[in-house]
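Just my_file_33.cif here, mmCIF, C-alpha atoms:
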```
data_upload
#
loop_
_atom_site.label_atom_id
_atom_site.label_comp_id
_atom_site.auth_asym_id
_atom_site.auth_seq_id
_atom_site.Cartn_x
_atom_site.Cartn_y
_atom_site.Cartn_z
CA MET A 1 24.38 0.45 24.79
CA ASN A 2 23.95 -0.50 21.12
CA GLU A 3 20.29 -1.51 21.26
CA CYS A 4 19.56 -0.64 17.63
CA LEU A 5 16.30 -2.32 16.68
CA SER A 6 14.07 -1.55 13.78
CA CYS A 7 10.49 -1.66 12.74
CA ASP A 8 7.13 -3.35 13.01
CA THR A 9 4.96 -4.11 9.97
CA ILE A 10 1.36 -5.32 9.86
CA VAL A 11 -1.17 -6.37 7.24
CA ALA A 12 -4.84 -7.30 7.29
CA LEU A 13 -6.43 -9.10 4.37
CA GLY A 14 -9.95 -8.32 3.22
CA ASN A 15 -11.43 -11.12 5.33
CA CYS A 16 -10.30 -9.24 8.46
CA THR A 17 -11.15 -5.63 7.59
CA GLU A 18 -14.34 -3.63 7.84
CA SER A 19 -14.14 -2.53 4.19
CA GLY A 20 -13.07 -5.87 2.70
CA ASN A 21 -9.86 -4.25 1.42
CA VAL A 22 -6.28 -5.13 2.32
CA ILE A 23 -4.67 -2.72 4.83
CA PHE A 24 -0.89 -2.42 5.20
CA ALA A 25 0.95 -0.44 7.90
CA LYS A 26 4.47 0.02 9.22
CA ASN A 27 6.54 1.86 11.81
CA SER A 28 10.13 2.52 10.78
CA ASP A 29 12.54 2.49 13.74
CA ARG A 30 15.97 3.88 12.98
CA PRO A 31 18.97 5.44 14.73
CA LEU A 32 18.33 8.66 16.63
CA GLY A 33 18.24 11.74 14.40
CA GLU A 34 18.22 9.92 11.05
CA ALA A 35 15.83 11.91 8.86
CA GLN A 36 13.36 9.89 6.80
CA PRO A 37 11.61 12.02 4.16
CA LEU A 38 8.83 10.78 1.87
CA CYS A 39 9.75 10.67 -1.83
CA LEU A 40 7.98 10.06 -5.13
CA PHE A 41 9.79 8.67 -8.20
CA GLU A 42 8.19 8.57 -11.63
CA ALA A 43 8.05 5.51 -13.90
CA ARG A 44 10.91 5.45 -16.39
CA ASP A 45 12.32 3.58 -19.36
CA TYR A 46 16.05 2.81 -19.51
CA PRO A 47 18.46 1.84 -22.30
CA ASP A 48 20.15 -1.55 -22.43
CA GLN A 49 23.15 -2.10 -20.16
CA GLU A 50 22.24 0.81 -17.89
CA LEU A 51 23.66 0.39 -14.37
CA LEU A 52 21.68 1.27 -11.25
CA PRO A 53 23.71 2.61 -8.29
CA CYS A 54 22.03 1.33 -5.11
CA THR A 55 23.32 2.19 -1.63
CA TYR A 56 26.60 0.24 -1.85
CA ILE A 57 26.70 -1.63 -5.15
CA SER A 58 25.52 -1.11 -8.73
CA ILE A 59 23.35 -3.67 -10.53
CA PRO A 60 21.84 -3.84 -14.05
CA GLN A 61 18.87 -1.51 -14.34
CA ALA A 62 15.49 -2.85 -15.50
CA SER A 63 14.27 -1.70 -18.90
CA HIS A 64 11.24 -0.12 -17.20
CA THR A 65 10.56 0.89 -13.59
CA TYR A 66 7.14 1.62 -12.11
CA LYS A 67 6.15 4.77 -10.28
CA VAL A 68 6.89 4.45 -6.56
CA LEU A 69 6.26 6.42 -3.38
CA GLY A 70 8.34 5.61 -0.34
CA SER A 71 9.78 6.66 2.99
CA LYS A 72 13.57 6.45 2.98
CA PRO A 73 16.51 7.25 5.26
CA TYR A 74 18.08 10.36 3.76
CA TRP A 75 21.40 8.67 2.84
CA ILE A 76 20.07 5.34 1.54
CA TRP A 77 18.92 4.62 -2.02
CA GLY A 78 16.17 2.23 -0.94
CA PHE A 79 12.91 2.50 1.01
CA GLU A 80 11.94 1.50 4.53
CA HIS A 81 8.36 1.20 3.29
CA GLY A 82 6.47 2.25 0.18
CA MET A 83 3.97 1.44 -2.55
CA ASN A 84 3.86 1.51 -6.32
CA GLU A 85 1.40 2.46 -9.04
CA TRP A 86 -0.01 -1.11 -9.12
CA GLY A 87 -1.02 -1.10 -5.47
CA VAL A 88 1.88 -3.19 -4.19
CA ALA A 89 3.17 -2.20 -0.72
CA ILE A 90 6.33 -3.52 0.98
CA GLY A 91 8.07 -3.02 4.32
CA ASN A 92 11.13 -4.75 5.76
CA GLU A 93 12.38 -5.74 9.22
CA ALA A 94 15.86 -6.29 10.59
CA VAL A 95 16.17 -9.86 11.91
CA TRP A 96 19.10 -11.67 13.47
CA SER A 97 20.11 -15.26 12.82
CA ARG A 98 22.52 -17.84 14.16
CA GLU A 99 24.28 -17.33 10.82
CA GLU A 100 26.63 -14.35 10.64
CA GLU A 101 25.64 -11.64 8.17
CA GLU A 102 27.59 -11.37 4.92
CA ARG A 103 30.48 -8.96 5.44
CA GLU A 104 30.86 -7.91 1.80
CA ASN A 105 28.64 -5.14 0.54
CA GLY A 106 25.52 -6.25 -1.27
CA LEU A 107 21.98 -4.93 -1.40
CA LEU A 108 20.51 -3.54 1.79
CA GLY A 109 17.06 -4.76 2.77
CA MET A 110 15.82 -1.25 2.04
CA ASP A 111 17.27 -1.45 -1.48
CA LEU A 112 15.35 -4.69 -1.99
CA VAL A 113 12.10 -3.03 -0.86
CA ARG A 114 12.43 -0.32 -3.50
CA LEU A 115 13.59 -2.74 -6.19
CA GLY A 116 10.58 -4.96 -5.53
CA LEU A 117 8.26 -1.97 -5.90
CA GLU A 118 9.93 -0.63 -9.03
CA ARG A 119 9.87 -3.98 -10.83
CA ALA A 120 6.68 -5.83 -9.83
CA LYS A 121 2.94 -5.57 -10.51
CA THR A 122 1.86 -8.01 -7.78
CA ALA A 123 2.98 -9.07 -4.32
CA HIS A 124 3.99 -12.52 -5.55
CA GLU A 125 6.01 -11.05 -8.39
CA ALA A 126 7.73 -8.68 -5.95
CA LEU A 127 8.56 -11.65 -3.71
CA HIS A 128 10.49 -13.25 -6.57
CA VAL A 129 12.11 -10.00 -7.69
CA ILE A 130 13.56 -9.78 -4.18
CA THR A 131 14.59 -13.44 -3.89
CA ASP A 132 16.22 -13.46 -7.35
CA LEU A 133 18.25 -10.36 -6.47
CA LEU A 134 19.08 -11.88 -3.10
CA LYS A 135 20.47 -14.99 -4.76
CA THR A 136 22.58 -12.96 -7.19
CA TYR A 137 23.88 -10.11 -5.04
CA GLY A 138 23.28 -11.10 -1.43
CA GLN A 139 22.26 -8.76 1.36
CA GLY A 140 25.06 -6.89 3.01
CA GLY A 141 26.40 -3.53 4.10
CA ASN A 142 26.23 -1.27 7.11
CA ALA A 143 22.69 0.08 7.53
CA SER A 144 23.71 3.00 9.75
CA VAL A 145 25.98 6.05 9.52
CA THR A 146 26.49 6.23 13.30
CA MET A 147 27.44 2.61 14.18
CA ASP A 148 27.99 -0.85 12.70
CA PHE A 149 24.47 -2.15 12.08
CA ARG A 150 24.12 -5.30 9.96
CA TYR A 151 21.27 -7.78 9.79
CA HIS A 152 19.24 -10.21 7.75
CA ASN A 153 15.78 -9.15 6.57
CA SER A 154 12.15 -10.12 6.75
CA PHE A 155 9.69 -8.54 4.34
CA LEU A 156 5.93 -8.08 4.35
CA ILE A 157 4.69 -7.75 0.76
CA ALA A 158 1.05 -6.94 0.00
CA ASP A 159 -1.20 -6.01 -2.91
CA THR A 160 -4.94 -5.56 -3.32
CA CYS A 161 -5.58 -9.33 -3.17
CA GLU A 162 -2.97 -11.03 -1.01
CA ALA A 163 0.13 -10.69 1.18
CA TRP A 164 3.34 -12.64 1.67
CA ILE A 165 5.88 -12.79 4.49
CA LEU A 166 9.43 -13.44 3.33
CA ASP A 167 12.03 -14.45 5.94
CA THR A 168 15.67 -14.47 4.83
CA VAL A 169 19.00 -15.64 6.20
CA ASN A 170 21.79 -14.43 3.93
CA ARG A 171 20.79 -15.87 0.50
CA ARG A 172 18.42 -18.52 1.84
CA TRP A 173 14.74 -17.80 2.38
CA VAL A 174 11.26 -19.09 3.17
CA ALA A 175 8.01 -17.42 2.14
CA ARG A 176 4.44 -17.95 3.25
CA ARG A 177 1.11 -16.55 2.19
CA VAL A 178 -0.72 -14.55 4.87
CA LYS A 179 -4.13 -16.01 5.65
CA ASN A 180 -5.83 -13.22 7.62
CA ALA A 181 -4.12 -10.48 9.67
CA GLU A 182 -0.53 -10.66 10.86
CA GLY A 183 2.34 -8.54 12.13
CA ILE A 184 6.10 -9.02 11.91
CA SER A 185 8.87 -7.52 14.01
CA ASN A 186 12.63 -8.02 14.57
CA CYS A 187 12.30 -11.79 14.89
CA TYR A 188 11.46 -14.57 12.47
CA GLY A 189 7.75 -15.31 12.33
CA THR A 190 7.80 -18.42 10.15
CA GLY A 191 7.63 -21.67 12.11
CA GLN A 192 6.78 -25.13 10.82
CA HIS A 193 4.82 -24.18 7.71
CA TRP A 194 5.64 -22.14 4.60
CA ASP A 195 4.71 -22.16 0.93
CA GLU A 196 7.97 -21.55 -0.94
CA ASP A 197 11.68 -21.62 -0.12
CA SER A 198 15.17 -21.40 -1.60
CA GLY A 199 15.63 -25.16 -1.70
CA ASP A 200 17.95 -26.36 1.06
CA ILE A 201 16.57 -24.70 4.19
CA GLN A 202 16.20 -27.85 6.27
CA GLU A 203 19.28 -29.70 5.03
CA HIS A 204 21.55 -26.73 5.71
CA ALA A 205 20.14 -26.40 9.22
CA TYR A 206 20.78 -30.09 9.90
CA GLU A 207 24.35 -29.85 8.58
CA MET A 208 25.08 -26.80 10.75
CA GLY A 209 23.56 -28.34 13.85
CA TYR A 210 20.74 -25.78 14.06
CA ALA A 211 18.12 -28.55 14.15
CA ASP A 212 18.01 -32.29 14.84
CA ARG A 213 16.77 -34.78 12.28
CA GLY A 214 13.76 -36.64 13.56
CA GLN A 215 12.32 -33.53 15.23
CA ILE A 216 9.59 -31.35 13.71
CA PHE A 217 11.45 -28.63 11.82
CA ASP A 218 10.72 -25.03 12.81
CA PHE A 219 12.43 -22.32 10.75
CA ALA A 220 12.39 -19.60 13.44
CA ARG A 221 13.67 -21.97 16.11
CA ALA A 222 16.42 -23.34 13.87
CA TYR A 223 17.73 -20.10 12.36
CA GLY A 224 16.74 -17.37 14.81
CA ALA A 225 19.35 -15.89 17.14
CA VAL A 226 18.67 -15.93 20.86
CA ASN A 227 20.05 -12.61 22.08
CA PHE A 228 19.12 -9.28 23.65
CA LYS A 229 17.61 -8.05 20.38
CA LEU A 230 15.19 -10.99 20.36
CA ARG A 231 14.26 -10.19 23.95
CA ALA A 232 13.20 -6.72 22.83
CA ALA A 233 11.56 -7.86 19.58
CA TYR A 234 9.39 -10.75 20.70
CA PRO A 235 7.10 -8.74 23.02
CA ARG A 236 6.42 -6.30 20.14
CA TYR A 237 5.74 -9.21 17.79
CA LYS A 238 3.23 -10.66 20.27
CA ARG A 239 1.68 -7.23 20.92
CA LEU A 240 1.12 -6.52 17.23
CA ASN A 241 -0.71 -9.77 16.74
CA GLN A 242 -2.66 -9.41 19.98
CA LEU A 243 -3.97 -6.01 18.86
CA LEU A 244 -4.84 -7.33 15.40
CA ASP A 245 -6.72 -10.29 16.88
CA ARG A 246 -8.85 -7.98 19.06
CA ARG A 247 -10.49 -6.37 16.02
CA LYS A 248 -10.16 -9.14 13.44
CA GLY A 249 -13.06 -8.83 11.02
CA ALA A 250 -13.49 -5.12 11.70
CA LEU A 251 -9.98 -3.69 11.21
CA THR A 252 -9.82 -0.16 9.80
CA PRO A 253 -7.05 2.27 8.80
CA ASP A 254 -7.82 4.33 11.94
CA TYR A 255 -7.30 1.30 14.16
CA MET A 256 -4.05 0.44 12.36
CA ARG A 257 -2.83 3.97 13.08
CA ASP A 258 -3.67 3.41 16.75
CA ILE A 259 -1.57 0.23 16.74
CA LEU A 260 1.39 2.24 15.44
CA LYS A 261 1.03 4.57 18.47
CA ASP A 262 1.00 1.75 21.02
CA HIS A 263 3.24 1.68 24.13
CA PHE A 264 1.79 -1.46 25.79
CA GLU A 265 -0.91 0.70 27.39
CA GLY A 266 -3.09 -1.27 29.79
CA GLU A 267 -0.67 -4.19 30.01
CA ILE A 268 1.52 -5.42 32.84
CA ILE A 269 4.54 -3.99 31.02
CA ALA A 270 3.00 -0.57 30.41
CA PRO A 271 5.54 2.26 30.87
CA ARG A 272 6.34 2.91 34.52
CA TRP A 273 6.60 6.69 34.22
CA SER A 274 6.38 7.60 30.56
CA PRO A 275 6.61 5.92 27.12
CA THR A 276 9.76 7.96 26.50
CA ASP A 277 11.71 6.16 29.23
CA GLY A 278 12.63 3.70 26.48
CA ILE A 279 13.04 0.92 29.06
CA LEU A 280 10.88 -1.40 26.96
CA ALA A 281 10.91 -1.19 23.18
CA SER A 282 7.27 -0.64 22.22
CA VAL A 283 5.57 -0.52 18.82
CA CYS A 284 5.86 3.27 18.95
CA MET A 285 9.50 3.19 19.99
CA HIS A 286 11.33 5.79 22.05
CA ASN A 287 15.09 5.53 22.43
CA MET A 288 16.63 4.80 25.83
CA ASP A 289 19.96 6.46 24.98
CA GLU A 290 21.83 8.01 22.07
CA SER A 291 22.68 4.64 20.47
CA SER A 292 19.17 3.16 20.69
CA SER A 293 16.49 3.22 17.99
CA LYS A 294 13.32 5.28 17.87
CA THR A 295 10.37 5.40 15.50
CA VAL A 296 11.08 7.99 12.81
CA ALA A 297 8.15 7.43 10.43
CA GLY A 298 4.90 5.51 10.15
CA SER A 299 2.54 4.62 7.33
CA VAL A 300 -0.92 3.16 6.72
CA VAL A 301 -2.48 2.39 3.33
CA GLU A 302 -5.73 0.72 2.32
CA LEU A 303 -5.19 -1.18 -0.94
CA SER A 304 -8.39 -1.19 -2.98
CA ARG A 305 -9.02 -2.45 -6.50
CA ASP A 306 -11.81 0.11 -6.89
CA LYS A 307 -10.22 3.38 -5.83
CA MET A 308 -6.89 5.12 -5.68
CA PRO A 309 -4.91 4.15 -2.55
CA VAL A 310 -4.01 6.91 -0.10
CA TRP A 311 -0.67 6.60 1.68
CA TRP A 312 -1.09 8.03 5.18
CA SER A 313 2.33 9.03 6.45
CA CYS A 314 3.57 10.47 9.73
CA MET A 315 7.02 11.79 10.55
CA SER A 316 8.83 11.18 13.86
CA ASN A 317 6.97 9.17 16.53
CA PRO A 318 3.33 8.39 15.62
CA CYS A 319 2.19 9.17 19.17
CA ILE A 320 3.16 12.83 18.73
CA SER A 321 2.70 13.22 14.98
CA VAL A 322 -0.13 13.72 12.49
CA PHE A 323 -0.77 11.33 9.59
CA LEU A 324 -0.94 13.18 6.27
CA PRO A 325 -2.47 11.70 3.08
CA PHE A 326 -0.50 11.28 -0.15
CA ILE A 327 -1.44 9.81 -3.52
CA MET A 328 0.62 8.69 -6.50
CA GLU A 329 -1.01 11.22 -8.84
CA THR A 330 -0.06 14.36 -6.88
CA ALA A 331 3.41 15.77 -6.30
CA ILE A 332 4.72 15.63 -2.74
CA PRO A 333 5.33 19.05 -1.18
CA GLN A 334 9.03 19.86 -1.07
CA LYS A 335 9.13 20.13 2.73
CA VAL A 336 7.89 16.54 3.00
CA SER A 337 10.58 15.12 0.70
CA CYS A 338 13.39 17.15 2.28
CA GLY A 339 15.59 15.96 5.15
CA GLY A 340 19.29 15.40 5.75
CA ALA A 341 21.85 14.77 8.47
CA MET A 342 21.30 18.14 10.15
CA TYR A 343 18.25 20.11 11.23
CA SER A 344 16.75 22.19 8.43
CA GLU A 345 13.92 24.72 8.43
CA ASP A 346 12.95 23.34 5.01
CA SER A 347 12.19 19.86 6.35
CA LEU A 348 8.85 18.87 7.88
CA TRP A 349 10.50 15.73 9.26
CA TRP A 350 13.01 17.82 11.19
CA LYS A 351 10.33 20.20 12.45
CA LEU A 352 8.42 17.27 14.00
CA GLU A 353 11.56 15.56 15.28
CA ARG A 354 12.64 18.80 16.94
CA LEU A 355 9.19 19.04 18.57
CA SER A 356 9.50 15.45 19.81
CA TYR A 357 12.67 16.36 21.72
CA GLU A 358 10.80 19.12 23.56
CA LEU A 359 7.81 16.87 24.26
CA GLU A 360 10.10 14.21 25.72
CA GLU A 361 11.53 16.62 28.31
CA ASP A 362 8.33 15.93 30.26
CA TYR A 363 6.14 13.68 28.12
CA PRO A 364 3.05 13.46 30.40
CA ARG A 365 2.86 17.22 30.98
CA ASN A 366 3.84 18.33 27.48
CA THR A 367 1.66 15.90 25.53
CA ALA A 368 -1.31 17.10 27.59
CA LEU A 369 -0.69 20.48 25.93
CA TRP A 370 0.06 19.11 22.46
CA ASN A 371 -2.51 16.32 22.11
CA PRO A 372 -5.61 18.56 21.73
CA VAL A 373 -3.81 20.53 19.01
CA LYS A 374 -2.60 17.36 17.31
CA GLU A 375 -6.04 15.72 17.42
CA ALA A 376 -7.73 18.81 15.97
CA LEU A 377 -5.16 18.80 13.15
CA GLN A 378 -5.76 15.10 12.46
CA GLU A 379 -9.52 15.66 12.34
CA TYR A 380 -9.07 18.58 9.95
CA VAL A 381 -6.76 16.54 7.69
CA CYS A 382 -9.09 13.54 7.57
CA SER A 383 -12.19 15.62 6.85
CA ARG A 384 -10.49 17.53 4.04
CA ALA A 385 -8.98 14.39 2.53
CA GLU A 386 -12.43 12.81 2.14
CA LYS A 387 -13.29 15.49 -0.42
CA GLY A 388 -10.29 14.73 -2.63
CA LEU A 389 -6.60 15.56 -2.69
CA ASP A 390 -4.61 17.92 -4.88
CA GLY A 391 -1.30 19.71 -4.63
CA ALA A 392 -2.73 22.91 -3.15
CA LEU A 393 -4.55 21.04 -0.38
CA LEU A 394 -1.47 18.98 0.50
CA ARG A 395 0.63 22.13 0.77
CA GLU A 396 -2.05 23.69 2.98
CA MET A 397 -2.04 20.64 5.28
CA VAL A 398 1.75 20.65 5.52
CA SER A 399 1.76 24.38 6.24
CA LYS A 400 -0.81 24.06 9.05
CA LEU A 401 1.04 21.17 10.66
CA GLU A 402 4.36 23.02 10.45
CA GLU A 403 2.83 26.17 11.91
CA LYS A 404 1.31 24.36 14.89
CA ALA A 405 4.48 22.32 15.49
CA ASP A 406 6.58 25.51 15.51
CA GLU A 407 4.19 27.23 17.94
CA MET A 408 4.25 24.27 20.33
CA TYR A 409 8.03 23.99 20.09
CA LEU A 410 8.47 27.62 21.14
CA LEU A 411 5.97 27.24 23.98
CA LEU A 412 7.63 24.09 25.32
CA ARG A 413 11.13 25.46 25.00
CA ASP A 414 10.21 28.02 27.65
CA THR A 415 8.11 25.57 29.71
CA ASN A 416 10.88 22.94 29.92
CA VAL A 417 13.03 24.83 32.39
CA SER A 418 12.07 22.05 34.79
CA GLY A 419 10.46 18.69 34.13
CA SER A 420 9.59 15.29 35.57
CA GLN A 421 12.07 13.40 33.38
CA PRO A 422 15.57 14.70 34.16
CA GLN A 423 16.97 11.35 33.01
CA ARG A 424 16.02 12.33 29.44
CA LYS A 425 17.99 15.55 29.42
CA GLU A 426 21.38 14.12 28.48
CA VAL A 427 20.15 12.05 25.53
CA LEU A 428 17.99 14.95 24.30
CA ARG A 429 20.96 17.30 24.61
CA THR A 430 22.97 14.84 22.50
CA ALA A 431 20.18 14.59 19.90
CA ARG A 432 19.99 18.37 19.54
CA SER A 433 23.75 18.73 19.37
CA ARG A 434 24.09 16.13 16.61
CA ALA A 435 21.37 17.84 14.58
CA GLY A 436 22.65 21.36 15.11
CA ILE A 437 19.49 22.44 16.95
CA LEU A 438 20.46 25.46 19.03
#
```
Show me the file's structure as structure tokens.
Amino acid sequence: MNECLSCDTIVALGNCTESGNVIFAKNSDRPLGEAQPLCLFEARDYPDQELLPCTYISIPQASHTYKVLGSKPYWIWGFEHGMNEWGVAIGNEAVWSREEEERENGLLGMDLVRLGLERAKTAHEALHVITDLLKTYGQGGNASVTMDFRYHNSFLIADTCEAWILDTVNRRWVARRVKNAEGISNCYGTGQHWDEDSGDIQEHAYEMGYADRGQIFDFARAYGAVNFKLRAAYPRYKRLNQLLDRRKGALTPDYMRDILKDHFEGEIIAPRWSPTDGILASVCMHNMDESSSKTVAGSVVELSRDKMPVWWSCMSNPCISVFLPFIMETAIPQKVSCGGAMYSEDSLWWKLERLSYELEEDYPRNTALWNPVKEALQEYVCSRAEKGLDGALLREMVSKLEEKADEMYLLLRDTNVSGSQPQRKEVLRTARSRAGIL
């Protein structure tokens, strides 16, 4: 079952938050076992005619790139989500259209996220960095090393003042300014109204038979694919916006983190036995089988004009992980920026992913053991972060999280001789085997 879905991204403007600042957040959902470390790249100047090798193609390098921090699949040049030194934050979503994806290699959506961050000082400028590159190079290439995974992209682009949603279909696009708080998922969110576009959106749809002249034109209805991926994406899209609406006017970074941990709790489609059944793709996504997606990283950042933004990042599923704080001015500990195709003792991402496999052997029982430890760690991290961040403190936080994750892993490895979720054993055995976890 190739049910490879990816990501949910949310933003709240200052008119919807408790602090009056913009808050951006994202869950990155990727193929099982694909490490996603957090990386920091310094600002740089480049000589004329320098070429930039992206994931599949090379393009002319900018004369200057800004400092960026981002979460990236280990084998891809670009970012799933990140921010830059100017307080611009971007995340992308895979979306599927009635139009077939370009088959020739171009820029991946993740490449476009990083390029927008490296080359723009504002959200609106980043929007046009992305659309100009899209027009020139297109979006194309396989976004997975384990299967054929191609898609169009939607982007949520925010800065300290505003946010934009950019929906694309090959080299065509529409963009709209966010008015309050909004979430995007693996389906187009733009309907009848937008602020900017690539020029021939409606005419092309009429020519292709995607829409009828004389009817009110709706971008999502005209261009969006109706398939199994949409069936899994639309409930998450509705859930994101439902949760945002519940606290509109009083949204906080803590609440945004809670949204990233959501499994439809309290709803008619809440998990039957456990969130890890993977039967329904939730905001905090757990894979149903070895070819399905799962959440591999999450992020929350409050974008303030008055103080340095803190990028709160978790590795593996947010429901089992701890959000750690990172800033542009402090180096990222090596264990946070390390992660490859196989399990490594040097990678915090792999330590938490390995723990997630043990927790999923019997999620209700095992999380009852882990949650008090996890919550105490999160409280410790948040209290220490309020006093200021430096390299020594970040390394201490990483060390404590790694220590507790290792202890719980060893405890659960012995506990999991029997469990309430035998249906998870095969996929977890496959995950461990792929990663070389003995």
Using the chain letters and numbers from the file, give me the residues hit by the PyMOL selection byres ((chain A and resi 179) around 9), as a PDB file with C-alpha atoms, keeping the file's coordinate frame.
```pdb
ATOM      1  CA  ALA A  12      -4.840  -7.300   7.290  1.00  0.00           C
ATOM      2  CA  LEU A  13      -6.430  -9.100   4.370  1.00  0.00           C
ATOM      3  CA  ASN A  15     -11.430 -11.120   5.330  1.00  0.00           C
ATOM      4  CA  GLU A 162      -2.970 -11.030  -1.010  1.00  0.00           C
ATOM      5  CA  ALA A 163       0.130 -10.690   1.180  1.00  0.00           C
ATOM      6  CA  ARG A 177       1.110 -16.550   2.190  1.00  0.00           C
ATOM      7  CA  VAL A 178      -0.720 -14.550   4.870  1.00  0.00           C
ATOM      8  CA  ASN A 180      -5.830 -13.220   7.620  1.00  0.00           C
ATOM      9  CA  ALA A 181      -4.120 -10.480   9.670  1.00  0.00           C
ATOM     10  CA  GLU A 182      -0.530 -10.660  10.860  1.00  0.00           C
TER      11      GLU A 182
END
```
(request) Run the PyMOL selection byres ((chain A and resi 101-108) around 10) on the file and write out the hits as a ChimeraX atom specification. (result) /A:54-59,76-79,96-100,109-113,115,133-134,136-143,150-153,169-171
(request) Convert the output of the PyMOL selection byres ((chain A and resi 245-257) around 7) on the shown file into explicit residues, formatted as a list in words. (result) Asn15, Cys16, Thr17, Glu18, Ile23, Ala25, Asn241, Gln242, Leu243, Leu244, Asp258, Ile259, Leu260, Lys261, Val300 and Glu302 of chain A
For the point (8.2, -7.5, 1.0) in file coordinates, what residues are within 6 Å, counting all atoms listed in the file? Give the answer as a short mmCIF file (atom, residue, chain, number, x, y, z; two decimals) with C-alpha atoms, in the coordinates of the input?
```
data_model
loop_
_atom_site.label_atom_id
_atom_site.label_comp_id
_atom_site.auth_asym_id
_atom_site.auth_seq_id
_atom_site.Cartn_x
_atom_site.Cartn_y
_atom_site.Cartn_z
CA ILE A 90 6.33 -3.52 0.98
CA GLY A 91 8.07 -3.02 4.32
CA PHE A 155 9.69 -8.54 4.34
CA LEU A 156 5.93 -8.08 4.35
CA ILE A 157 4.69 -7.75 0.76
#
```
(request) Find the residues near segment 289-291 of chain A: any atom within 10 Å, counting only C-alpha atoms, skip ones fewer than 5 places away on the same chain, and give them as a ChimeraX atom specification. (result) /A:1-4,31-33,146-147,277-279,423-424,426-431
(request) Would you mind reading off the distance between atom CA of Ala158 of chain A and atom CA of Ala220 of chain A, one decimal, in Å? (result)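 Atom-to-atom, atom CA of Ala158 of chain A and atom CA of Ala220 of chain A are spaced 21.7 Å apart.
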(message) Using all atoms listed in the file, can you tell me which of A:Gly391, A:Gly87, A:Gly419, A:Pro318 comes closest to Lys121 of chain A?
(response)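 Closest candidate: A:Gly87.
Going from atom CA of Glu379 of chain A over to atom CA of Lys307 of chain A, you cover 21.9 Å.
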(message) Here is a test: counting all atoms listed in the file, which residue of A:Trp370, A:Phe323, A:Trp164, A:Tyr46 is nearest to Leu394 of chain A?
(response) A:Phe323
(request) Rounded to one decimal place, report the atom CA of Ser420 of chain A-atom CA of Arg365 of chain A distance in Å. (result) 8.4 Å
(message) Taking 4 positions as the minimum chain separation for residues in the same chain, which residues sit within 12 Å of Tyr206 of chain A when counting all atoms listed in the file? Answer as a list in words.
(response) Asp200, Ile201, Gln202, Tyr210, Ala211, Asp212, Arg213, Gly214, Gln215, Ile216, Phe217, Asp218, Phe219, Ala222 and Tyr223 of chain A
Contacts of Ile332 of chain A within 9 Å, all atoms listed in the file, excl. fewer than 5 positions in-chain, as an mmCIF file with C-alpha atoms, in the frame of the given file:
```
data_model
loop_
_atom_site.group_PDB
_atom_site.id
_atom_site.type_symbol
_atom_site.label_atom_id
_atom_site.label_comp_id
_atom_site.auth_asym_id
_atom_site.auth_seq_id
_atom_site.Cartn_x
_atom_site.Cartn_y
_atom_site.Cartn_z
ATOM 1 C CA LEU A 38 8.830 10.780 1.870
ATOM 2 C CA CYS A 39 9.750 10.670 -1.830
ATOM 3 C CA LEU A 40 7.980 10.060 -5.130
ATOM 4 C CA PHE A 326 -0.500 11.280 -0.150
ATOM 5 C CA ILE A 327 -1.440 9.810 -3.520
ATOM 6 C CA SER A 337 10.580 15.120 0.700
ATOM 7 C CA GLY A 391 -1.300 19.710 -4.630
ATOM 8 C CA LEU A 394 -1.470 18.980 0.500
ATOM 9 C CA ARG A 395 0.630 22.130 0.770
#
```
(request) Name all residues at most 7 Å from Glu402 of chain A (count only C-alpha atoms; drop same-chain ones fewer than 3 positions away) and give them as a list of chain:residue names. (result)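 Those residues are A:Leu348, A:Lys351, A:Val398, A:Ser399, A:Ala405, A:Asp406.
Within 10 Å of the point (7.0, 16.3, 24.7) in file coordinates, and counting only C-alpha atoms, lie the residues Thr276, Ile320, Arg354, Leu355, Ser356, Tyr357, Glu358, Leu359, Glu360, Glu361, Asp362, Tyr363, Pro364, Arg365, Asn366, Thr367, Ala368, Leu369, Trp370, Asn371, Met408, Tyr409, Leu412 and Asn416 of chain A.
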Box dimensions and centre (Å, one decimal) enclosing segment 359-365 of chain A, axis-aligned, 6 Å extra per side, as AutoDock Vina command-line options:
```
--center_x 7.2 --center_y 15.3 --center_z 27.6 --size_x 20.7 --size_y 15.8 --size_z 18.7
```
(message) Can you pull out the residues contacting Ile184 of chain A? Cut-off 8 Å, using all atoms listed in the file, and skip same-chain residues under 5 positions away; I want them as a ChimeraX atom specification.
(response) /A:8-10,93,156,189,237,240
Same residues, C-alpha atoms, saved as a PDB file, in the frame of the given file:
```pdb
ATOM      1  CA  ASP A   8       7.130  -3.350  13.010  1.00  0.00           C
ATOM      2  CA  THR A   9       4.960  -4.110   9.970  1.00  0.00           C
ATOM      3  CA  ILE A  10       1.360  -5.320   9.860  1.00  0.00           C
ATOM      4  CA  GLU A  93      12.380  -5.740   9.220  1.00  0.00           C
ATOM      5  CA  LEU A 156       5.930  -8.080   4.350  1.00  0.00           C
ATOM      6  CA  GLY A 189       7.750 -15.310  12.330  1.00  0.00           C
ATOM      7  CA  TYR A 237       5.740  -9.210  17.790  1.00  0.00           C
ATOM      8  CA  LEU A 240       1.120  -6.520  17.230  1.00  0.00           C
TER       9      LEU A 240
END
```
